[in-house]
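A quick write-up on the structure given underneath.
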Amino acid sequence: MSLSVSRSGQTTTLTFNNNVVLLSVGACTLLGFGSAVRYALQSIQGRKKGRKGEESGGWENATKGDDFREWGGELLKWVTDYRDKCRDIHVISRVEPNYLQKGLPSSAPTTGEPWTAIMSDLDSKILPGLTHWEASNRFFAYFKPHASYPAVLGEMLCAGLNVMGFDWIASPACTELEVVTLDWLGRFLNLPEKFLGSSEGPGGGVIQGSAGESATVVLLAAAVSKQKLQPERTKMVVYVSDQTHAIAQKATMILGIRCHVVKTALENNFEMQAADLEAAIEEDVANGLCPIAAVATTGTTSSCAFDPLVPISAVCKAREMWVHVDAAYGGAYACLEAYKSKFEGLEEVDSFCVNCHKKLLCPFDIAALYVANRRPILDALSLQPEYLRNAHSESGAVVDFEHWQMPLGRRFRSLKLWFVMRRFGTEGLRHHVQNGTVLAKYFASLVEKDEDLEISVPVSLSLVCFRWKGRGEADQQRLLDAVKATGKAFIIHTKLGGKIVIRVACGGVEQTKDDVLGCYEVISRELKKLK
């Protein structure tokens with residue numbers, strides 16, 4: 001037996017009994033040199049045994065429970081090791097475009113490969129191409145995601161059960177757990193009773209894949225409900241603000257509906273004003289168009305602004321327009337008493353969407369869409385081919401969620417939310433959401449004490465927006481680029497009032513004040529280098 005190790009640039013070469021394995025510096029740094037070498041040696045041994053048959057990982061073994069049990073355990077260990085060690089490496093991937101096309105074979109293997117070989121490639125080829133969203137001490141971009149361990153296990157169970165819950169009879173537990181869990185969530189978020197499946201009215205909740213899918217579904221429902229008044233989609237109009245997420249405009253593109261963008265201003269903290277919305281509606285009506293819906297946001301992406309729901313709803317209801325609330329990120333904060341006033345007016349809106357994969361400890365994809373009246377959605381999306389007809393559905397006693405969404409098939413996504421709500425409880429969930437606001441206020445206090453920085457808009461939820469004080473746009477970009485280049489803090493920018501603003505989005509229960517302080521220190525250090 002012989003083993004030799006050599007290093008050159010970004011690669012470590014292992015030669016074991018004339019077998020060669022290349023390890024990237026990313027794999028060695030991430031898992032530790034010892035773990036990376038262990039997988040590499042297992043890979044070599046797996047290949048050697050493979051020549052004799054059984055342990056080659058041939059496809060016959062791929063369906064065996066023992067194989068799944070052993071390597072499922074290994075993968076769980078791998079994930080927990082990754083969560084620990086990704087905190088210490090460059091947060092943004094530095095690979096070149098098409099690096100995997102060059103690093104992986106052009107065709108799939110003919111015979112099944114052993115898990116050791118797959119895990120080795122996971123370390124040496126996949127890991128270097130990841131940006132580390134779970135590095136809570138370094139990831140402050142977009143909105144910090146939170147894939148908690150209970151939810152990850154729920155995702156695994158969802159895949160293991162492989163339920164296709166398009167209608168009730170396809171798996172009653174899939175449908176019924178979704179109804180129950182979304183009612184739990186609705187009560188946790190203090191939503192009006194009309195949005196709950198257990199209410200006496202026609203409302204209820206449904207899991208969609210994203211806030212974008214949700215917006216498309218409800219805007220389609222709004223369009224179909226107006227077809228008798230205006231049969232031409234091209235004359236229908238949906239109203240958004242210039243701070244509304246692009247998903248709403250994309251939904252109108254898909255549906256062939258006009259989108260009227262209402263401008264916002266700094267003096268109103270970039271909130272959509274009802275008077276401006278009403279003026280836009282009157283202008284379009286005068287031009288022969290048909291207003292059908294408005295999208296209000298509680299927690300915009302750029303600055304976490306809150307559109308005032310009460311006056312916006314009043315304007316829309318006067319013209320029998322649908323009001324949809326995009327609460328993809330901000331909706332989670334409805335669980336906090338301190339933000340109760342921000343959600344005033346929910347009783348008047350038609351639909352509300354919150355992404356559980358943004359602030360509610362679930363991995364993508366699980367968006368909770370609540371509607372006050374399911375009938376317009378059913379009118380827009382119900383289709384019952386003969387092969388899906390069954391006695392339970394025809395009785396009207398059950399919910400068939402296939403009619404509440406665009407696709408037919410449905411994953412058992414409520415499992416991960418159910419696991420989270422049971423494992424954390426409402427107390428743990430509320431603490432997680434609250435902690436993000438505490439960390440944001442702490443970061444803001446550091447910015448306010450820094451003579452080189454300034455807060456751009458009032459701190460909202462877990463987001464802080466700031467600028468390099470007294471400097472132009474080019475310098476804002478230089479600072480942002482310098483910080484990202486360190487690999488020790490990932491932050492992004494937006495534009496408010498035409499000016500670049502740097503965003504720091506804090507996390508939750510898994511993030512600490514020391515993590516936030518570390519981000520500020522990276523920014524401060526890089527700024528001083530640029531002065």
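Residue numbers start at 1 in each chain; chains themselves are named A, B, ... in the order of the structure tokens; ligands are numbered from 1 in the order shown.
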
Can you tell me, as a PyMOL selection string, which residues in region 72-256 of chain A count as helix (DSSP H, G or I) by DSSP? chain A and resi 72-88+99-103+115-129+149-161+168-170+172-188+193-195+211-225+233-235+246-255

Give me the residues near Ala368 (chain A) as a PyMOL selection string, where near means some atom within 12 Å (using only C-alpha atoms) and where sequence neighbours in that chain fewer than 5 positions away do not count. chain A and resi 178-179+181-186+189+195-196+204-215+325-329+331-332+351-358+360+362+413-414+417

Separating CA of Pro376 (chain A) from CA of Val218 (chain A), to the nearest tenth of an Å, is a gap of 8.4 Å

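Proximity to Phe143 (chain A) was assessed for A:Lys359, A:Arg471, A:His431, A:Arg319 counting only C-alpha atoms; the smallest distance is recorded for A:Lys359.
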
So that I can check the surroundings of region 497-510 of chain A, please list as number ranges by chain every protein, DNA and RNA residue that reaches within 6 Å of it, counting only C-alpha atoms and ignoring chain neighbours fewer than 3 positions away. A: 140-141, 143-144, 432, 435-436, 440, 462-467, 491-494

Export N, CA, C and O atoms of the chosen residues as a JSON list (two decimals), in the first residue's frame?
```
[["chain", "number", "residue", "atom", "x", "y", "z"],
["A", 140, "PHE", "N", -25.54, 38.14, 4.46],
["A", 140, "PHE", "CA", -26.46, 39.23, 4.81],
["A", 140, "PHE", "C", -27.13, 39.80, 3.56],
["A", 140, "PHE", "O", -27.62, 40.92, 3.57],
["A", 141, "ALA", "N", -27.15, 39.02, 2.49],
["A", 141, "ALA", "CA", -27.71, 39.47, 1.21],
["A", 141, "ALA", "C", -29.19, 39.09, 1.12],
["A", 141, "ALA", "O", -29.70, 38.30, 1.91],
["A", 143, "PHE", "N", -32.76, 38.34, 1.47],
["A", 143, "PHE", "CA", -33.32, 38.15, 2.81],
["A", 143, "PHE", "C", -32.77, 36.83, 3.33],
["A", 143, "PHE", "O", -32.86, 35.81, 2.64],
["A", 144, "LYS", "N", -32.21, 36.85, 4.51],
["A", 144, "LYS", "CA", -31.54, 35.67, 5.04],
["A", 144, "LYS", "C", -32.48, 34.47, 5.10],
["A", 144, "LYS", "O", -33.53, 34.52, 5.71],
["A", 432, "HIS", "N", -37.49, 33.59, 17.12],
["A", 432, "HIS", "CA", -36.67, 33.66, 15.90],
["A", 432, "HIS", "C", -36.96, 34.94, 15.12],
["A", 432, "HIS", "O", -36.04, 35.65, 14.71],
["A", 435, "ASN", "N", -35.77, 38.04, 17.02],
["A", 435, "ASN", "CA", -34.32, 38.20, 17.09],
["A", 435, "ASN", "C", -33.76, 38.92, 15.87],
["A", 435, "ASN", "O", -32.79, 39.68, 15.97],
["A", 436, "GLY", "N", -34.39, 38.72, 14.72],
["A", 436, "GLY", "CA", -33.94, 39.44, 13.52],
["A", 436, "GLY", "C", -34.07, 40.94, 13.68],
["A", 436, "GLY", "O", -33.20, 41.71, 13.24],
["A", 440, "ALA", "N", -31.01, 43.72, 13.70],
["A", 440, "ALA", "CA", -31.03, 44.85, 12.77],
["A", 440, "ALA", "C", -30.84, 46.17, 13.52],
["A", 440, "ALA", "O", -30.10, 47.06, 13.06],
["A", 462, "SER", "N", -36.00, 43.30, 9.76],
["A", 462, "SER", "CA", -34.62, 42.89, 10.01],
["A", 462, "SER", "C", -33.66, 43.45, 8.98],
["A", 462, "SER", "O", -32.56, 42.93, 8.78],
["A", 463, "LEU", "N", -34.07, 44.53, 8.32],
["A", 463, "LEU", "CA", -33.28, 45.10, 7.23],
["A", 463, "LEU", "C", -32.77, 46.50, 7.57],
["A", 463, "LEU", "O", -33.52, 47.33, 8.10],
["A", 464, "VAL", "N", -31.50, 46.74, 7.24],
["A", 464, "VAL", "CA", -30.88, 48.06, 7.40],
["A", 464, "VAL", "C", -30.35, 48.51, 6.05],
["A", 464, "VAL", "O", -29.61, 47.77, 5.39],
["A", 465, "CYS", "N", -30.72, 49.71, 5.62],
["A", 465, "CYS", "CA", -30.25, 50.28, 4.37],
["A", 465, "CYS", "C", -29.38, 51.50, 4.68],
["A", 465, "CYS", "O", -29.79, 52.38, 5.45],
["A", 466, "PHE", "N", -28.20, 51.57, 4.10],
["A", 466, "PHE", "CA", -27.28, 52.66, 4.42],
["A", 466, "PHE", "C", -26.44, 53.03, 3.20],
["A", 466, "PHE", "O", -26.45, 52.33, 2.18],
["A", 467, "ARG", "N", -25.73, 54.15, 3.33],
["A", 467, "ARG", "CA", -24.81, 54.63, 2.29],
["A", 467, "ARG", "C", -23.52, 55.12, 2.91],
["A", 467, "ARG", "O", -23.45, 55.41, 4.11],
["A", 491, "ILE", "N", -23.20, 41.08, 0.99],
["A", 491, "ILE", "CA", -24.26, 42.08, 1.03],
["A", 491, "ILE", "C", -24.57, 42.50, -0.40],
["A", 491, "ILE", "O", -23.76, 42.29, -1.30],
["A", 492, "ILE", "N", -25.74, 43.08, -0.61],
["A", 492, "ILE", "CA", -26.12, 43.52, -1.95],
["A", 492, "ILE", "C", -26.65, 44.96, -1.87],
["A", 492, "ILE", "O", -26.75, 45.53, -0.79],
["A", 493, "HIS", "N", -26.98, 45.51, -3.03],
["A", 493, "HIS", "CA", -27.48, 46.87, -3.08],
["A", 493, "HIS", "C", -28.88, 46.89, -3.71],
["A", 493, "HIS", "O", -29.35, 45.89, -4.26],
["A", 494, "THR", "N", -29.53, 48.01, -3.58],
["A", 494, "THR", "CA", -30.74, 48.29, -4.32],
["A", 494, "THR", "C", -30.67, 49.76, -4.73],
["A", 494, "THR", "O", -29.65, 50.42, -4.48]]
```

When distances are computed from only C-alpha atoms, which of A:Gly288, A:Gly256, A:Pro311, A:Gly518 shows the smallest separation from Ala274 (chain A)?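 Under the stated criterion, the closest residue is A:Pro311.
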
Which residue out of A:Val237, A:Ala338, A:Ile257, A:Val310 has the minimum interatomic distance to Glu282 (chain A) when only C-alpha atoms are used?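 Ranked by minimum distance to Glu282 (chain A), first place goes to A:Val237.
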
Distance query region 240-243 of chain A at most 12 Å, only C-alpha atoms, self and fewer than 4 positions along chain excluded, as an NGL selection string: :A and (215 or 247-252 or 258-266 or 269-274 or 276-278 or 280-281 or 291-307 or 312 or 323-326 or 494-498)

Given the selection you just returned, output its residues as a file containing N, CA and C atoms, formatted as a compact mmCIF listing (two decimals), in the first residue's frame.
```txt
# COMPACT_ATOMS: atom_id res chain seq x y z
N ALA A 215 -49.13 35.05 -6.81
CA ALA A 215 -49.60 36.26 -7.49
C ALA A 215 -50.25 35.92 -8.82
N ILE A 247 -42.16 39.95 -9.25
CA ILE A 247 -43.04 38.80 -9.48
C ILE A 247 -44.43 39.24 -9.93
N ALA A 248 -44.90 40.38 -9.42
CA ALA A 248 -46.24 40.84 -9.78
C ALA A 248 -46.29 41.25 -11.25
N GLN A 249 -45.27 41.97 -11.70
CA GLN A 249 -45.23 42.34 -13.11
C GLN A 249 -45.06 41.12 -14.00
N LYS A 250 -44.28 40.15 -13.53
CA LYS A 250 -44.11 38.93 -14.32
C LYS A 250 -45.44 38.19 -14.45
N ALA A 251 -46.24 38.19 -13.37
CA ALA A 251 -47.55 37.55 -13.43
C ALA A 251 -48.43 38.20 -14.49
N THR A 252 -48.39 39.53 -14.59
CA THR A 252 -49.20 40.21 -15.62
C THR A 252 -48.69 39.89 -17.02
N ARG A 258 -52.28 44.27 -18.58
CA ARG A 258 -51.48 45.48 -18.41
C ARG A 258 -51.06 45.65 -16.95
N CYS A 259 -49.91 46.28 -16.76
CA CYS A 259 -49.42 46.58 -15.41
C CYS A 259 -49.13 48.07 -15.32
N HIS A 260 -49.77 48.75 -14.38
CA HIS A 260 -49.57 50.19 -14.19
C HIS A 260 -48.73 50.37 -12.92
N VAL A 261 -47.54 50.93 -13.08
CA VAL A 261 -46.63 51.12 -11.96
C VAL A 261 -46.83 52.50 -11.34
N VAL A 262 -47.19 52.52 -10.07
CA VAL A 262 -47.42 53.77 -9.33
C VAL A 262 -46.12 54.17 -8.64
N LYS A 263 -45.69 55.41 -8.86
CA LYS A 263 -44.43 55.86 -8.29
C LYS A 263 -44.57 56.14 -6.79
N THR A 264 -43.46 55.88 -6.07
CA THR A 264 -43.38 56.19 -4.64
C THR A 264 -42.30 57.25 -4.42
N ALA A 265 -42.21 57.74 -3.18
CA ALA A 265 -41.25 58.82 -2.91
C ALA A 265 -40.64 58.66 -1.52
N LEU A 266 -39.45 59.23 -1.36
CA LEU A 266 -38.73 59.17 -0.09
C LEU A 266 -39.53 59.76 1.05
N ASN A 269 -41.52 57.30 2.68
CA ASN A 269 -40.77 56.05 2.95
C ASN A 269 -41.01 55.00 1.87
N PHE A 270 -41.24 55.46 0.64
CA PHE A 270 -41.42 54.60 -0.52
C PHE A 270 -42.63 53.67 -0.38
N GLU A 271 -43.65 54.13 0.34
CA GLU A 271 -44.92 53.42 0.45
C GLU A 271 -45.87 53.90 -0.66
N MET A 272 -46.64 52.99 -1.22
CA MET A 272 -47.63 53.39 -2.24
C MET A 272 -48.75 54.18 -1.56
N GLN A 273 -49.06 55.33 -2.11
CA GLN A 273 -50.09 56.19 -1.54
C GLN A 273 -51.43 55.97 -2.24
N ALA A 274 -52.49 55.89 -1.44
CA ALA A 274 -53.82 55.63 -1.99
C ALA A 274 -54.24 56.69 -3.00
N ASP A 276 -52.34 58.40 -5.02
CA ASP A 276 -51.65 58.16 -6.28
C ASP A 276 -52.25 56.96 -7.01
N LEU A 277 -52.63 55.94 -6.25
CA LEU A 277 -53.28 54.78 -6.84
C LEU A 277 -54.60 55.17 -7.48
N GLU A 278 -55.38 55.97 -6.78
CA GLU A 278 -56.68 56.39 -7.29
C GLU A 278 -56.54 57.22 -8.55
N ALA A 280 -54.14 56.98 -10.73
CA ALA A 280 -53.75 56.08 -11.81
C ALA A 280 -54.96 55.31 -12.34
N ILE A 281 -55.82 54.89 -11.42
CA ILE A 281 -57.03 54.17 -11.83
C ILE A 281 -57.95 55.07 -12.66
N PRO A 291 -59.69 48.41 -14.65
CA PRO A 291 -58.88 48.05 -13.48
C PRO A 291 -59.44 46.79 -12.82
N ILE A 292 -58.57 45.81 -12.54
CA ILE A 292 -59.07 44.56 -11.94
C ILE A 292 -58.45 44.25 -10.58
N ALA A 293 -57.23 44.76 -10.29
CA ALA A 293 -56.58 44.39 -9.03
C ALA A 293 -55.44 45.34 -8.70
N ALA A 294 -55.10 45.36 -7.44
CA ALA A 294 -53.90 46.07 -6.97
C ALA A 294 -53.13 45.15 -6.05
N VAL A 295 -51.80 45.25 -6.12
CA VAL A 295 -50.93 44.46 -5.26
C VAL A 295 -50.27 45.39 -4.26
N ALA A 296 -50.59 45.22 -2.99
CA ALA A 296 -49.95 45.97 -1.91
C ALA A 296 -48.90 45.09 -1.26
N THR A 297 -47.86 45.71 -0.73
CA THR A 297 -46.77 44.94 -0.13
C THR A 297 -46.59 45.31 1.33
N THR A 298 -46.45 44.30 2.17
CA THR A 298 -46.11 44.53 3.58
C THR A 298 -44.69 44.02 3.79
N GLY A 299 -43.73 44.93 3.54
CA GLY A 299 -42.32 44.58 3.64
C GLY A 299 -41.68 44.45 2.27
N THR A 300 -41.46 45.59 1.59
CA THR A 300 -40.90 45.56 0.24
C THR A 300 -39.47 45.04 0.26
N THR A 301 -39.03 44.53 -0.89
CA THR A 301 -37.70 43.93 -0.97
C THR A 301 -36.60 44.96 -0.78
N SER A 302 -36.75 46.13 -1.35
CA SER A 302 -35.67 47.12 -1.28
C SER A 302 -35.47 47.68 0.12
N SER A 303 -36.58 48.01 0.83
CA SER A 303 -36.42 48.71 2.10
C SER A 303 -37.39 48.27 3.19
N CYS A 304 -38.16 47.20 2.92
CA CYS A 304 -39.17 46.72 3.88
C CYS A 304 -40.20 47.79 4.21
N ALA A 305 -40.61 48.54 3.20
CA ALA A 305 -41.69 49.51 3.37
C ALA A 305 -43.03 48.78 3.43
N PHE A 306 -44.01 49.41 4.09
CA PHE A 306 -45.34 48.84 4.24
C PHE A 306 -46.36 49.74 3.55
N ASP A 307 -47.00 49.21 2.51
CA ASP A 307 -48.08 49.97 1.87
C ASP A 307 -49.28 50.01 2.82
N ILE A 312 -55.74 51.89 0.71
CA ILE A 312 -55.62 51.22 -0.59
C ILE A 312 -56.83 50.33 -0.83
N VAL A 323 -57.79 42.99 -4.09
CA VAL A 323 -56.61 43.49 -3.38
C VAL A 323 -55.80 42.29 -2.90
N HIS A 324 -54.60 42.18 -3.43
CA HIS A 324 -53.69 41.10 -3.02
C HIS A 324 -52.55 41.70 -2.20
N VAL A 325 -52.21 41.06 -1.08
CA VAL A 325 -51.10 41.51 -0.25
C VAL A 325 -49.92 40.56 -0.43
N ASP A 326 -48.85 41.09 -0.98
CA ASP A 326 -47.60 40.34 -1.08
C ASP A 326 -46.83 40.55 0.21
N THR A 494 -29.53 48.01 -3.58
CA THR A 494 -30.74 48.29 -4.32
C THR A 494 -30.67 49.76 -4.73
N LYS A 495 -31.71 50.27 -5.34
CA LYS A 495 -31.78 51.70 -5.64
C LYS A 495 -33.07 52.26 -5.06
N LEU A 496 -32.96 53.33 -4.34
CA LEU A 496 -34.10 54.04 -3.77
C LEU A 496 -34.01 55.49 -4.21
N GLY A 497 -35.03 55.98 -4.87
CA GLY A 497 -34.99 57.34 -5.38
C GLY A 497 -33.87 57.54 -6.39
N GLY A 498 -33.52 56.48 -7.10
CA GLY A 498 -32.47 56.57 -8.12
C GLY A 498 -31.06 56.48 -7.59
```

Have a look at CA of Thr80 (chain A) and CA of Tyr99 (chain A) and let me know their distance in Å, one decimal. 26.1 Å

Give me, as a PyMOL selection string, all polymer residues having an atom no more than 9 Å from Ser524 (chain A), counting only C-alpha atoms and skipping those fewer than 4 positions away in the same chain. chain A and resi 450+452-453+519-520+528-529

Written file, previous selection with N, CA and C atoms, as an mmCIF file, in the first residue's frame:
```
data_model
loop_
_atom_site.group_PDB
_atom_site.id
_atom_site.type_symbol
_atom_site.label_atom_id
_atom_site.label_comp_id
_atom_site.auth_asym_id
_atom_site.auth_seq_id
_atom_site.Cartn_x
_atom_site.Cartn_y
_atom_site.Cartn_z
ATOM 1 N N ASP A 450 -20.984 55.559 13.288
ATOM 2 C CA ASP A 450 -19.872 55.630 12.337
ATOM 3 C C ASP A 450 -19.983 56.937 11.536
ATOM 4 N N ASP A 452 -18.611 57.794 8.917
ATOM 5 C CA ASP A 452 -18.500 57.622 7.469
ATOM 6 C C ASP A 452 -19.758 57.022 6.834
ATOM 7 N N LEU A 453 -20.717 56.609 7.659
ATOM 8 C CA LEU A 453 -21.904 55.948 7.137
ATOM 9 C C LEU A 453 -23.165 56.691 7.556
ATOM 10 N N CYS A 519 -19.826 41.526 10.479
ATOM 11 C CA CYS A 519 -20.202 42.115 9.185
ATOM 12 C C CYS A 519 -19.871 43.604 9.172
ATOM 13 N N TYR A 520 -20.251 44.307 10.234
ATOM 14 C CA TYR A 520 -19.964 45.747 10.303
ATOM 15 C C TYR A 520 -18.458 46.000 10.246
ATOM 16 N N LYS A 528 -12.297 52.116 5.131
ATOM 17 C CA LYS A 528 -11.083 52.861 5.488
ATOM 18 C C LYS A 528 -9.986 52.662 4.450
ATOM 19 N N LYS A 529 -9.927 51.489 3.845
ATOM 20 C CA LYS A 529 -8.937 51.243 2.797
ATOM 21 C C LYS A 529 -9.221 52.084 1.558
#
```

Using backbone DSSP assignments, extract all strand (DSSP E or B) residues from region 277-515 of chain A; output them as a compact mmCIF listing (two decimals) with N, CA and C atoms, in the first residue's frame.
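The resulting selection36.txt:
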```txt
# COMPACT_ATOMS: atom_id res chain seq x y z
N CYS A 290 -59.84 48.68 -17.98
CA CYS A 290 -60.61 48.04 -16.91
C CYS A 290 -59.70 47.65 -15.75
N PRO A 291 -59.69 48.41 -14.65
CA PRO A 291 -58.88 48.05 -13.48
C PRO A 291 -59.44 46.79 -12.82
N ILE A 292 -58.57 45.81 -12.54
CA ILE A 292 -59.07 44.56 -11.94
C ILE A 292 -58.45 44.25 -10.58
N ALA A 293 -57.23 44.76 -10.29
CA ALA A 293 -56.58 44.39 -9.03
C ALA A 293 -55.44 45.34 -8.70
N ALA A 294 -55.10 45.36 -7.44
CA ALA A 294 -53.90 46.07 -6.97
C ALA A 294 -53.13 45.15 -6.05
N VAL A 295 -51.80 45.25 -6.12
CA VAL A 295 -50.93 44.46 -5.26
C VAL A 295 -50.27 45.39 -4.26
N ALA A 296 -50.59 45.22 -2.99
CA ALA A 296 -49.95 45.97 -1.91
C ALA A 296 -48.90 45.09 -1.26
N THR A 297 -47.86 45.71 -0.73
CA THR A 297 -46.77 44.94 -0.13
C THR A 297 -46.59 45.31 1.33
N THR A 298 -46.45 44.30 2.17
CA THR A 298 -46.11 44.53 3.58
C THR A 298 -44.69 44.02 3.79
N PHE A 306 -44.01 49.41 4.09
CA PHE A 306 -45.34 48.84 4.24
C PHE A 306 -46.36 49.74 3.55
N TRP A 322 -59.83 43.49 -6.96
CA TRP A 322 -59.18 42.53 -6.06
C TRP A 322 -57.98 43.20 -5.40
N VAL A 323 -57.79 42.99 -4.09
CA VAL A 323 -56.61 43.49 -3.38
C VAL A 323 -55.80 42.29 -2.90
N HIS A 324 -54.60 42.18 -3.43
CA HIS A 324 -53.69 41.10 -3.02
C HIS A 324 -52.55 41.70 -2.20
N VAL A 325 -52.21 41.06 -1.08
CA VAL A 325 -51.10 41.51 -0.25
C VAL A 325 -49.92 40.56 -0.43
N ASP A 326 -48.85 41.09 -0.98
CA ASP A 326 -47.60 40.34 -1.08
C ASP A 326 -46.83 40.55 0.21
N SER A 351 -56.64 38.56 -0.64
CA SER A 351 -55.66 37.48 -0.55
C SER A 351 -54.38 37.98 0.11
N PHE A 352 -53.65 37.04 0.68
CA PHE A 352 -52.45 37.35 1.46
C PHE A 352 -51.49 36.19 1.29
N CYS A 353 -50.22 36.50 0.97
CA CYS A 353 -49.22 35.45 0.76
C CYS A 353 -47.98 35.70 1.58
N VAL A 354 -47.53 34.68 2.31
CA VAL A 354 -46.28 34.76 3.07
C VAL A 354 -45.42 33.55 2.71
N ASN A 355 -44.15 33.80 2.44
CA ASN A 355 -43.21 32.72 2.13
C ASN A 355 -42.65 32.11 3.41
N ALA A 367 -44.85 28.53 -0.03
CA ALA A 367 -45.51 29.82 0.12
C ALA A 367 -46.95 29.58 0.56
N ALA A 368 -47.35 30.23 1.65
CA ALA A 368 -48.71 30.07 2.16
C ALA A 368 -49.59 31.17 1.59
N LEU A 369 -50.55 30.78 0.74
CA LEU A 369 -51.48 31.72 0.13
C LEU A 369 -52.84 31.58 0.81
N TYR A 370 -53.36 32.69 1.32
CA TYR A 370 -54.67 32.71 1.95
C TYR A 370 -55.63 33.55 1.11
N VAL A 371 -56.84 33.05 0.92
CA VAL A 371 -57.85 33.79 0.16
C VAL A 371 -59.12 33.91 1.00
N LEU A 453 -20.72 56.61 7.66
CA LEU A 453 -21.90 55.95 7.14
C LEU A 453 -23.16 56.69 7.56
N GLU A 454 -24.26 56.45 6.82
CA GLU A 454 -25.54 57.05 7.18
C GLU A 454 -26.69 56.12 6.81
N ILE A 455 -27.71 56.10 7.67
CA ILE A 455 -28.91 55.32 7.40
C ILE A 455 -29.71 56.01 6.31
N SER A 460 -36.40 48.85 9.15
CA SER A 460 -37.68 48.15 9.16
C SER A 460 -37.44 46.64 9.21
N LEU A 463 -34.07 44.53 8.32
CA LEU A 463 -33.28 45.10 7.23
C LEU A 463 -32.77 46.50 7.57
N VAL A 464 -31.50 46.74 7.24
CA VAL A 464 -30.88 48.06 7.40
C VAL A 464 -30.35 48.51 6.05
N CYS A 465 -30.72 49.71 5.62
CA CYS A 465 -30.25 50.28 4.37
C CYS A 465 -29.38 51.50 4.68
N PHE A 466 -28.20 51.57 4.10
CA PHE A 466 -27.28 52.66 4.42
C PHE A 466 -26.44 53.03 3.20
N ARG A 467 -25.73 54.15 3.33
CA ARG A 467 -24.81 54.63 2.29
C ARG A 467 -23.52 55.12 2.91
N TRP A 468 -22.50 55.20 2.08
CA TRP A 468 -21.25 55.84 2.46
C TRP A 468 -21.53 57.34 2.42
N PHE A 490 -21.39 38.86 2.66
CA PHE A 490 -22.11 38.96 1.40
C PHE A 490 -23.28 39.91 1.61
N ILE A 492 -25.74 43.08 -0.61
CA ILE A 492 -26.12 43.52 -1.95
C ILE A 492 -26.65 44.96 -1.87
N HIS A 493 -26.98 45.51 -3.03
CA HIS A 493 -27.48 46.87 -3.08
C HIS A 493 -28.88 46.89 -3.71
N THR A 494 -29.53 48.01 -3.58
CA THR A 494 -30.74 48.29 -4.32
C THR A 494 -30.67 49.76 -4.73
N LYS A 495 -31.71 50.27 -5.34
CA LYS A 495 -31.78 51.70 -5.64
C LYS A 495 -33.07 52.26 -5.06
N LEU A 496 -32.96 53.33 -4.34
CA LEU A 496 -34.10 54.04 -3.77
C LEU A 496 -34.01 55.49 -4.21
N LYS A 499 -30.89 56.31 -6.26
CA LYS A 499 -29.56 56.26 -5.67
C LYS A 499 -29.26 54.86 -5.12
N ILE A 500 -27.99 54.46 -5.25
CA ILE A 500 -27.56 53.17 -4.71
C ILE A 500 -27.64 53.18 -3.19
N VAL A 501 -28.24 52.14 -2.65
CA VAL A 501 -28.33 51.94 -1.21
C VAL A 501 -27.83 50.53 -0.91
N ILE A 502 -27.00 50.42 0.10
CA ILE A 502 -26.46 49.11 0.48
C ILE A 502 -27.37 48.49 1.55
N ARG A 503 -27.71 47.21 1.36
CA ARG A 503 -28.62 46.51 2.26
C ARG A 503 -27.88 45.49 3.12
N VAL A 504 -28.22 45.43 4.38
CA VAL A 504 -27.77 44.35 5.26
C VAL A 504 -29.02 43.73 5.87
N ALA A 505 -29.28 42.47 5.50
CA ALA A 505 -30.46 41.75 6.00
C ALA A 505 -30.01 40.78 7.08
```

Neighbouring residues of Val91 (chain A) were defined as those with any atom within 9 Å, considering only C-alpha atoms; residues of the same chain fewer than 2 positions away were excluded. Please report them as number ranges by chain. A: 86-89, 93, 130-133, 135, 138-139, 484, 486-490

Take CA of Leu361 (chain A) and CA of His146 (chain A) and report the distance between them in Å, one decimal.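 Atom-to-atom, CA of Leu361 (chain A) and CA of His146 (chain A) are spaced 4.6 Å apart.
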
Can you work out which one of A:Asp514, A:Gln476, A:Val398, A:Leu429 has the shortest atom-to-atom distance to Ser171 (chain A), counting only C-alpha atoms?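 Comparing A:Asp514, A:Gln476, A:Val398, A:Leu429 against Ser171 (chain A), the winner is A:Val398.
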